[in-house]
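J.: Structure file upload-v5.pdb (PDB, C-alpha atoms and all ligand atoms) right here:
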```pdb
ATOM      1  CA  MET A   1     147.557 111.491 231.685  1.00  0.00           C
ATOM      2  CA  LEU A   2     149.193 113.696 229.077  1.00  0.00           C
ATOM      3  CA  ARG A   3     150.384 117.065 230.393  1.00  0.00           C
ATOM      4  CA  ILE A   4     150.166 119.675 227.667  1.00  0.00           C
ATOM      5  CA  GLY A   5     151.769 123.062 228.283  1.00  0.00           C
ATOM      6  CA  LEU A   6     150.190 125.976 226.398  1.00  0.00           C
ATOM      7  CA  THR A   7     152.153 129.190 226.234  1.00  0.00           C
ATOM      8  CA  GLY A   8     152.927 132.267 224.182  1.00  0.00           C
ATOM      9  CA  GLY A   9     154.012 135.852 224.682  1.00  0.00           C
ATOM     10  CA  ILE A  10     151.654 138.443 226.133  1.00  0.00           C
ATOM     11  CA  GLY A  11     148.851 139.175 223.683  1.00  0.00           C
ATOM     12  CA  SER A  12     149.553 136.114 221.526  1.00  0.00           C
ATOM     13  CA  GLY A  13     146.073 134.629 221.924  1.00  0.00           C
ATOM     14  CA  LYS A  14     146.654 131.936 224.568  1.00  0.00           C
ATOM     15  CA  THR A  15     143.263 132.533 226.152  1.00  0.00           C
ATOM     16  CA  THR A  16     141.540 132.199 222.794  1.00  0.00           C
ATOM     17  CA  VAL A  17     143.450 128.967 222.054  1.00  0.00           C
ATOM     18  CA  ALA A  18     142.775 127.584 225.557  1.00  0.00           C
ATOM     19  CA  ASP A  19     139.045 128.145 224.980  1.00  0.00           C
ATOM     20  CA  LEU A  20     139.269 126.139 221.748  1.00  0.00           C
ATOM     21  CA  PHE A  21     140.958 123.250 223.595  1.00  0.00           C
ATOM     22  CA  ARG A  22     138.173 123.482 226.196  1.00  0.00           C
ATOM     23  CA  SER A  23     135.594 123.194 223.454  1.00  0.00           C
ATOM     24  CA  HIS A  24     137.244 119.883 222.470  1.00  0.00           C
ATOM     25  CA  GLY A  25     136.640 118.654 226.025  1.00  0.00           C
ATOM     26  CA  PHE A  26     140.074 119.220 227.536  1.00  0.00           C
ATOM     27  CA  PRO A  27     140.271 120.481 231.108  1.00  0.00           C
ATOM     28  CA  VAL A  28     142.380 123.659 231.343  1.00  0.00           C
ATOM     29  CA  ILE A  29     144.529 124.628 234.312  1.00  0.00           C
ATOM     30  CA  ASP A  30     144.727 128.424 234.114  1.00  0.00           C
ATOM     31  CA  ALA A  31     147.922 129.727 235.758  1.00  0.00           C
ATOM     32  CA  ASP A  32     146.821 133.385 235.704  1.00  0.00           C
ATOM     33  CA  LEU A  33     143.519 132.505 237.346  1.00  0.00           C
ATOM     34  CA  ILE A  34     145.266 130.509 240.100  1.00  0.00           C
ATOM     35  CA  ALA A  35     147.646 133.424 240.759  1.00  0.00           C
ATOM     36  CA  ARG A  36     144.616 135.709 241.209  1.00  0.00           C
ATOM     37  CA  GLN A  37     142.591 133.257 243.309  1.00  0.00           C
ATOM     38  CA  ILE A  38     145.262 132.638 245.939  1.00  0.00           C
ATOM     39  CA  VAL A  39     145.232 136.355 246.860  1.00  0.00           C
ATOM     40  CA  GLU A  40     141.475 136.773 247.059  1.00  0.00           C
ATOM     41  CA  PRO A  41     139.999 138.110 250.318  1.00  0.00           C
ATOM     42  CA  GLY A  42     139.899 135.349 252.933  1.00  0.00           C
ATOM     43  CA  GLN A  43     142.899 133.532 251.485  1.00  0.00           C
ATOM     44  CA  PRO A  44     145.873 133.117 253.866  1.00  0.00           C
ATOM     45  CA  ALA A  45     148.308 134.540 251.289  1.00  0.00           C
ATOM     46  CA  LEU A  46     146.481 137.882 251.295  1.00  0.00           C
ATOM     47  CA  THR A  47     146.640 138.112 255.089  1.00  0.00           C
ATOM     48  CA  GLU A  48     150.361 137.317 255.020  1.00  0.00           C
ATOM     49  CA  LEU A  49     150.988 139.881 252.292  1.00  0.00           C
ATOM     50  CA  ALA A  50     149.247 142.565 254.363  1.00  0.00           C
ATOM     51  CA  GLN A  51     151.358 141.600 257.384  1.00  0.00           C
ATOM     52  CA  ALA A  52     154.556 141.718 255.333  1.00  0.00           C
ATOM     53  CA  PHE A  53     153.939 144.821 253.216  1.00  0.00           C
ATOM     54  CA  GLY A  54     151.385 146.803 255.225  1.00  0.00           C
ATOM     55  CA  ALA A  55     147.600 147.106 255.251  1.00  0.00           C
ATOM     56  CA  ASP A  56     147.854 149.808 252.570  1.00  0.00           C
ATOM     57  CA  ILE A  57     148.215 147.063 249.945  1.00  0.00           C
ATOM     58  CA  LEU A  58     144.495 146.398 250.487  1.00  0.00           C
ATOM     59  CA  HIS A  59     141.647 148.329 248.918  1.00  0.00           C
ATOM     60  CA  PRO A  60     138.978 149.559 251.371  1.00  0.00           C
ATOM     61  CA  ASP A  61     136.842 146.522 250.410  1.00  0.00           C
ATOM     62  CA  GLY A  62     139.653 144.175 251.490  1.00  0.00           C
ATOM     63  CA  SER A  63     140.741 143.115 248.012  1.00  0.00           C
ATOM     64  CA  LEU A  64     144.349 143.337 246.865  1.00  0.00           C
ATOM     65  CA  ASN A  65     145.594 146.641 245.475  1.00  0.00           C
ATOM     66  CA  ARG A  66     148.048 145.198 242.952  1.00  0.00           C
ATOM     67  CA  GLY A  67     149.633 148.528 242.064  1.00  0.00           C
ATOM     68  CA  GLU A  68     150.380 149.288 245.690  1.00  0.00           C
ATOM     69  CA  LEU A  69     151.785 145.812 246.304  1.00  0.00           C
ATOM     70  CA  ALA A  70     153.991 146.097 243.208  1.00  0.00           C
ATOM     71  CA  ALA A  71     155.239 149.505 244.355  1.00  0.00           C
ATOM     72  CA  ARG A  72     156.265 148.009 247.690  1.00  0.00           C
ATOM     73  CA  ALA A  73     157.474 144.577 246.589  1.00  0.00           C
ATOM     74  CA  PHE A  74     159.440 145.272 243.421  1.00  0.00           C
ATOM     75  CA  VAL A  75     161.832 147.749 245.020  1.00  0.00           C
ATOM     76  CA  ASP A  76     164.678 145.366 245.809  1.00  0.00           C
ATOM     77  CA  PRO A  77     165.488 141.656 245.446  1.00  0.00           C
ATOM     78  CA  GLU A  78     164.817 140.918 249.137  1.00  0.00           C
ATOM     79  CA  ARG A  79     161.287 142.281 249.057  1.00  0.00           C
ATOM     80  CA  THR A  80     160.577 140.598 245.754  1.00  0.00           C
ATOM     81  CA  ALA A  81     161.786 137.337 247.309  1.00  0.00           C
ATOM     82  CA  LEU A  82     159.507 137.958 250.306  1.00  0.00           C
ATOM     83  CA  LEU A  83     156.526 138.403 247.979  1.00  0.00           C
ATOM     84  CA  ASN A  84     157.435 135.227 246.100  1.00  0.00           C
ATOM     85  CA  SER A  85     157.913 133.259 249.326  1.00  0.00           C
ATOM     86  CA  ILE A  86     154.299 134.051 250.219  1.00  0.00           C
ATOM     87  CA  THR A  87     152.662 133.504 246.832  1.00  0.00           C
ATOM     88  CA  HIS A  88     154.709 130.852 245.008  1.00  0.00           C
ATOM     89  CA  PRO A  89     154.129 127.911 247.407  1.00  0.00           C
ATOM     90  CA  ARG A  90     150.360 128.540 247.260  1.00  0.00           C
ATOM     91  CA  ILE A  91     150.376 128.774 243.478  1.00  0.00           C
ATOM     92  CA  GLN A  92     152.418 125.581 243.207  1.00  0.00           C
ATOM     93  CA  ALA A  93     150.184 123.706 245.662  1.00  0.00           C
ATOM     94  CA  GLU A  94     146.985 124.719 243.869  1.00  0.00           C
ATOM     95  CA  THR A  95     148.466 123.875 240.464  1.00  0.00           C
ATOM     96  CA  ALA A  96     149.547 120.446 241.724  1.00  0.00           C
ATOM     97  CA  ARG A  97     146.096 119.932 243.246  1.00  0.00           C
ATOM     98  CA  GLN A  98     144.409 120.648 239.902  1.00  0.00           C
ATOM     99  CA  PHE A  99     146.751 118.291 238.013  1.00  0.00           C
ATOM    100  CA  ALA A 100     146.053 115.579 240.600  1.00  0.00           C
ATOM    101  CA  ALA A 101     142.291 116.193 240.388  1.00  0.00           C
ATOM    102  CA  ALA A 102     142.357 115.845 236.600  1.00  0.00           C
ATOM    103  CA  GLU A 103     144.320 112.616 236.898  1.00  0.00           C
ATOM    104  CA  ALA A 104     141.966 111.254 239.583  1.00  0.00           C
ATOM    105  CA  ALA A 105     139.024 112.076 237.300  1.00  0.00           C
ATOM    106  CA  GLY A 106     140.589 109.836 234.661  1.00  0.00           C
ATOM    107  CA  GLU A 107     141.247 112.632 232.181  1.00  0.00           C
ATOM    108  CA  PRO A 108     143.479 111.410 229.349  1.00  0.00           C
ATOM    109  CA  ALA A 109     145.043 114.856 228.942  1.00  0.00           C
ATOM    110  CA  VAL A 110     145.084 118.278 230.574  1.00  0.00           C
ATOM    111  CA  ILE A 111     146.067 121.708 229.221  1.00  0.00           C
ATOM    112  CA  TYR A 112     148.273 123.888 231.436  1.00  0.00           C
ATOM    113  CA  ASP A 113     147.780 127.477 230.230  1.00  0.00           C
ATOM    114  CA  MET A 114     150.895 129.210 231.551  1.00  0.00           C
ATOM    115  CA  PRO A 115     152.331 132.461 230.124  1.00  0.00           C
ATOM    116  CA  LEU A 116     155.726 131.889 231.798  1.00  0.00           C
ATOM    117  CA  LEU A 117     155.974 128.151 231.041  1.00  0.00           C
ATOM    118  CA  VAL A 118     159.324 128.456 229.235  1.00  0.00           C
ATOM    119  CA  ASP A 119     160.553 131.467 231.230  1.00  0.00           C
ATOM    120  CA  ASN A 120     160.277 129.365 234.403  1.00  0.00           C
ATOM    121  CA  GLY A 121     161.532 126.106 232.885  1.00  0.00           C
ATOM    122  CA  LEU A 122     158.201 124.372 233.526  1.00  0.00           C
ATOM    123  CA  HIS A 123     158.067 123.107 229.929  1.00  0.00           C
ATOM    124  CA  GLU A 124     160.528 120.420 231.055  1.00  0.00           C
ATOM    125  CA  GLY A 125     157.761 118.730 233.042  1.00  0.00           C
ATOM    126  CA  MET A 126     155.289 118.646 230.133  1.00  0.00           C
ATOM    127  CA  ASP A 127     154.660 115.802 227.690  1.00  0.00           C
ATOM    128  CA  LEU A 128     153.849 118.270 224.925  1.00  0.00           C
ATOM    129  CA  VAL A 129     154.490 122.013 224.568  1.00  0.00           C
ATOM    130  CA  VAL A 130     152.154 124.117 222.402  1.00  0.00           C
ATOM    131  CA  VAL A 131     153.326 127.648 221.609  1.00  0.00           C
ATOM    132  CA  VAL A 132     151.025 130.315 220.193  1.00  0.00           C
ATOM    133  CA  ASP A 133     153.193 132.401 217.900  1.00  0.00           C
ATOM    134  CA  VAL A 134     152.536 135.949 216.690  1.00  0.00           C
ATOM    135  CA  ASP A 135     155.167 138.431 215.598  1.00  0.00           C
ATOM    136  CA  LYS A 136     156.006 141.160 218.043  1.00  0.00           C
ATOM    137  CA  GLN A 137     154.603 144.083 216.040  1.00  0.00           C
ATOM    138  CA  THR A 138     151.224 142.360 215.628  1.00  0.00           C
ATOM    139  CA  ARG A 139     151.038 141.531 219.340  1.00  0.00           C
ATOM    140  CA  LEU A 140     151.911 145.113 220.162  1.00  0.00           C
ATOM    141  CA  ARG A 141     149.152 146.401 217.901  1.00  0.00           C
ATOM    142  CA  ARG A 142     146.568 143.987 219.376  1.00  0.00           C
ATOM    143  CA  LEU A 143     147.512 144.841 222.947  1.00  0.00           C
ATOM    144  CA  VAL A 144     147.211 148.568 222.234  1.00  0.00           C
ATOM    145  CA  ASP A 145     144.020 148.295 220.130  1.00  0.00           C
ATOM    146  CA  SER A 146     141.975 145.702 222.015  1.00  0.00           C
ATOM    147  CA  ARG A 147     143.432 145.787 225.517  1.00  0.00           C
ATOM    148  CA  GLY A 148     143.934 149.507 225.798  1.00  0.00           C
ATOM    149  CA  LEU A 149     147.543 149.207 226.985  1.00  0.00           C
ATOM    150  CA  SER A 150     149.892 152.057 226.155  1.00  0.00           C
ATOM    151  CA  GLU A 151     152.573 151.142 223.638  1.00  0.00           C
ATOM    152  CA  GLU A 152     155.245 151.752 226.246  1.00  0.00           C
ATOM    153  CA  ASP A 153     153.567 149.497 228.829  1.00  0.00           C
ATOM    154  CA  ALA A 154     152.961 146.745 226.255  1.00  0.00           C
ATOM    155  CA  LEU A 155     156.605 146.840 225.132  1.00  0.00           C
ATOM    156  CA  ARG A 156     157.868 146.800 228.704  1.00  0.00           C
ATOM    157  CA  ARG A 157     155.755 143.701 229.454  1.00  0.00           C
ATOM    158  CA  MET A 158     156.914 141.965 226.289  1.00  0.00           C
ATOM    159  CA  ASP A 159     160.560 142.671 227.051  1.00  0.00           C
ATOM    160  CA  ALA A 160     160.179 141.210 230.551  1.00  0.00           C
ATOM    161  CA  GLN A 161     159.312 137.821 228.998  1.00  0.00           C
ATOM    162  CA  VAL A 162     161.591 135.220 227.463  1.00  0.00           C
ATOM    163  CA  ALA A 163     162.585 135.965 223.848  1.00  0.00           C
ATOM    164  CA  ASP A 164     160.277 134.552 221.168  1.00  0.00           C
ATOM    165  CA  ASP A 165     163.006 132.362 219.637  1.00  0.00           C
ATOM    166  CA  VAL A 166     163.747 130.757 223.017  1.00  0.00           C
ATOM    167  CA  ARG A 167     160.032 130.013 223.555  1.00  0.00           C
ATOM    168  CA  LEU A 168     159.684 128.636 220.027  1.00  0.00           C
ATOM    169  CA  ALA A 169     162.713 126.380 220.507  1.00  0.00           C
ATOM    170  CA  ALA A 170     160.801 124.634 223.328  1.00  0.00           C
ATOM    171  CA  ALA A 171     157.706 124.034 221.158  1.00  0.00           C
ATOM    172  CA  ASP A 172     156.511 120.626 219.995  1.00  0.00           C
ATOM    173  CA  GLU A 173     153.568 122.278 218.237  1.00  0.00           C
ATOM    174  CA  VAL A 174     153.274 125.872 217.037  1.00  0.00           C
ATOM    175  CA  ILE A 175     149.918 127.576 216.538  1.00  0.00           C
ATOM    176  CA  ASP A 176     150.331 130.513 214.149  1.00  0.00           C
ATOM    177  CA  ASN A 177     148.039 133.361 215.222  1.00  0.00           C
ATOM    178  CA  ASN A 178     149.399 136.048 212.909  1.00  0.00           C
ATOM    179  CA  GLY A 179     146.303 135.814 210.750  1.00  0.00           C
ATOM    180  CA  PRO A 180     142.605 136.276 211.574  1.00  0.00           C
ATOM    181  CA  VAL A 181     141.289 134.613 214.730  1.00  0.00           C
ATOM    182  CA  GLU A 182     139.171 132.280 212.560  1.00  0.00           C
ATOM    183  CA  GLY A 183     142.413 130.556 211.537  1.00  0.00           C
ATOM    184  CA  LEU A 184     142.890 129.117 215.020  1.00  0.00           C
ATOM    185  CA  ALA A 185     140.120 126.508 215.110  1.00  0.00           C
ATOM    186  CA  ASP A 186     141.577 124.300 212.367  1.00  0.00           C
ATOM    187  CA  GLN A 187     145.069 124.491 213.833  1.00  0.00           C
ATOM    188  CA  VAL A 188     143.840 123.522 217.298  1.00  0.00           C
ATOM    189  CA  ALA A 189     141.769 120.696 215.797  1.00  0.00           C
ATOM    190  CA  ALA A 190     144.917 119.386 214.077  1.00  0.00           C
ATOM    191  CA  VAL A 191     146.841 119.379 217.370  1.00  0.00           C
ATOM    192  CA  VAL A 192     143.891 117.682 219.108  1.00  0.00           C
ATOM    193  CA  GLU A 193     143.938 115.001 216.432  1.00  0.00           C
ATOM    194  CA  LYS A 194     147.650 114.343 217.095  1.00  0.00           C
ATOM    195  CA  ILE A 195     147.074 114.225 220.860  1.00  0.00           C
ATOM    196  CA  ARG A 196     144.262 111.709 220.540  1.00  0.00           C
ATOM    197  CA  ARG A 197     146.058 109.514 218.040  1.00  0.00           C
TER     198      ARG A 197
HETATM  199  P1  LIG B 201     147.783 137.565 227.817  1.00  0.00           P
HETATM  200  O1  LIG B 201     149.147 136.973 227.737  1.00  0.00           O
HETATM  201  O2  LIG B 201     147.809 139.035 227.950  1.00  0.00           O
HETATM  202  O3  LIG B 201     146.889 136.884 228.807  1.00  0.00           O
HETATM  203  P2  LIG B 201     146.698 136.057 225.671  1.00  0.00           P
HETATM  204  O4  LIG B 201     147.896 135.427 225.065  1.00  0.00           O
HETATM  205  O5  LIG B 201     145.839 135.229 226.547  1.00  0.00           O
HETATM  206  O6  LIG B 201     147.114 137.374 226.374  1.00  0.00           O
HETATM  207  P3  LIG B 201     144.314 136.763 224.261  1.00  0.00           P
HETATM  208  O7  LIG B 201     143.708 137.447 225.442  1.00  0.00           O
HETATM  209  O8  LIG B 201     143.711 135.489 223.793  1.00  0.00           O
HETATM  210  O9  LIG B 201     145.880 136.605 224.465  1.00  0.00           O
HETATM  211  O10 LIG B 201     144.411 137.751 223.014  1.00  0.00           O
HETATM  212  C1  LIG B 201     144.962 139.081 223.158  1.00  0.00           C
HETATM  213  C2  LIG B 201     144.066 140.065 222.429  1.00  0.00           C
HETATM  214  O11 LIG B 201     144.202 139.872 221.020  1.00  0.00           O
HETATM  215  C3  LIG B 201     142.609 139.856 222.760  1.00  0.00           C
HETATM  216  O12 LIG B 201     141.991 141.106 222.800  1.00  0.00           O
HETATM  217  C4  LIG B 201     142.094 138.993 221.595  1.00  0.00           C
HETATM  218  O13 LIG B 201     140.726 139.193 221.348  1.00  0.00           O
HETATM  219  C5  LIG B 201     142.950 139.514 220.438  1.00  0.00           C
HETATM  220  N1  LIG B 201     143.237 138.500 219.425  1.00  0.00           N
HETATM  221  C6  LIG B 201     143.591 137.201 219.609  1.00  0.00           C
HETATM  222  N2  LIG B 201     143.818 136.582 218.440  1.00  0.00           N
HETATM  223  C7  LIG B 201     143.576 137.515 217.477  1.00  0.00           C
HETATM  224  C8  LIG B 201     143.644 137.499 216.042  1.00  0.00           C
HETATM  225  N3  LIG B 201     144.035 136.404 215.376  1.00  0.00           N
HETATM  226  N4  LIG B 201     143.344 138.637 215.407  1.00  0.00           N
HETATM  227  C9  LIG B 201     143.003 139.759 216.067  1.00  0.00           C
HETATM  228  N5  LIG B 201     142.921 139.834 217.408  1.00  0.00           N
HETATM  229  C10 LIG B 201     143.212 138.743 218.113  1.00  0.00           C
END
```
Take the structure from the file and write it as structure tokens.
Ligand code: ATP
T.:
Amino acid sequence: MLRIGLTGGIGSGKTTVADLFRSHGFPVIDADLIARQIVEPGQPALTELAQAFGADILHPDGSLNRGELAARAFVDPERTALLNSITHPRIQAETARQFAAAEAAGEPAVIYDMPLLVDNGLHEGMDLVVVVDVDKQTRLRRLVDSRGLSEEDALRRMDAQVADDVRLAAADEVIDNNGPVEGLADQVAAVVEKIRR
């Protein structure tokens, strides 16, 4: 089974590209979704987080208050490490489970949609790396216009990620999303053609 990493900076259009791969029949392992699911109410990670950081990290309905957790966890390296020690093993286990399930189902290829693929060195384990590329100013404008982020927040999030040239250096295939969204379908189809060849 071919492991295909799909990545790009925040606001580059990864979700849109992942949906196009889905429409070609590829299963997609969604890293952001897994990170959210392992801290849903009833999940052991959420209970452990509340024990470690206090019940105030929960909303009254029992769901995770992300802002409150961030305020308590990202204060020093030890607490950040504590947060990671609770969440990362669960995320890794669920990701591995989904890869194994795709393989057991006889899928010829699977897409791993992972914003931090290159930041975390996970591109090394992929057979093919697809990077969605958009220049920084355009991403900034899209994040502000269609996501409602403030410019400051969007820039801060961009700067926390690996530099665009480092991400691009890891790419086997680059999808250019600087133009209109309609330009993506043909580019994805061309990559699909290469994968299936
Ligand atoms: P994130 O890293 O934040 O999850 P993402 O890389 O998954 O983002 P998308 O959610 O697919 O990116 O796209 C970001 C925003 O930009 C969305 O609102 C999307 O509709 C819009 N967008 C994507 N591609 C284009 C395009 N070519 N032209 C204009 N807007 C676009």
J.: Can you tell me, as AutoDock Vina command-line options, the centre and edge lengths (Å, one decimal) of the axis-aligned box enclosing all of ligand LIG 201 (chain B)'s listed atoms after padding each side by 8 Å?
T.:
```
--center_x 144.9 --center_y 138.2 --center_z 222.1 --size_x 24.4 --size_y 21.9 --size_z 29.4
```
J.: Using only C-alpha atoms and all ligand atoms, what are the residues with an atom within 8 Å of ligand LIG 201 (chain B), set out as a count of residues only?
T.: 28
J.: Since I can't run it myself right now, could you work out what the PyMOL selection byres (((chain A and resi 101-103) around 12) and not hetatm) selects here and report it as a VMD selection string?
T.: chain A and resid 1 to 3 26 to 29 94 to 100 104 to 112
J.: To one decimal place in Å, what is the distance between CA of Arg90 (chain A) and CA of Ala45 (chain A)?
T.: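 Atom-to-atom, CA of Arg90 (chain A) and CA of Ala45 (chain A) are spaced 7.5 Å apart.
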J.: Which residues, written as a ChimeraX atom specification, have at least one atom at most 12 Å from His123 (chain A), with only C-alpha atoms counted and residues fewer than 2 positions away on the same chain left out?
T.: /A:3-8,112-121,125-131,166-172
J.: CA of Leu33 (chain A) and CA of Val144 (chain A) are how many Å apart?
T.: 22.4 Å
J.: With distances taken over only C-alpha atoms, which residue among A:Ala185, A:Leu64, A:Leu20, A:Leu49 lies nearest Thr80 (chain A)?
T.: A:Leu49
J.: For Gln92 (chain A), which residue among A:Leu140, A:Asp135, A:Ala35, A:Pro77 is the nearest when counting only C-alpha atoms?
T.: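 Checking each of A:Leu140, A:Asp135, A:Ala35, A:Pro77 against Gln92 (chain A), counting only C-alpha atoms, the winner is A:Ala35.
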J.: Just give me the gap between CA of Val162 (chain A) and CA of His88 (chain A) in Å, one decimal is fine.
T.: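 Computing it gives 19.3 Å between the two atoms.
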J.: Given the file shown, determine the residues that the PyMOL selection byres (((chain A and resi 58) around 12) and not hetatm) selects; report them as a list in words.
T.: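 On this input, the PyMOL selection byres (((chain A and resi 58) around 12) and not hetatm) captures Val39, Glu40, Pro41, Leu46, Thr47, Glu48, Leu49, Ala50, Gln51, Phe53, Gly54, Ala55, Asp56, Ile57, His59, Pro60, Asp61, Gly62, Ser63, Leu64, Asn65, Arg66, Gly67, Glu68, Leu69 and Ala70 of chain A.
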J.: From the list A:Glu193, A:Ala154, A:Ala73, A:Ala81, which residue is nearest Gln137 (chain A) when using only C-alpha atoms?
T.: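 Going through A:Glu193, A:Ala154, A:Ala73, A:Ala81 one by one, the smallest distance to Gln137 (chain A) is for A:Ala154.
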J.: Just checking: using all atoms listed in the file, which residue out of A:Ala52, A:Leu122, A:Ala190, A:Ala163 ends up closest to Lys136 (chain A)?
T.: A:Ala163
J.: Counting all atoms listed in the file, which of A:Ala18, A:Ala160, A:Gly25, A:Leu149 gets nearest to Arg196 (chain A)?
T.: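 With all atoms listed in the file as the atom set, the closest residue is A:Gly25.
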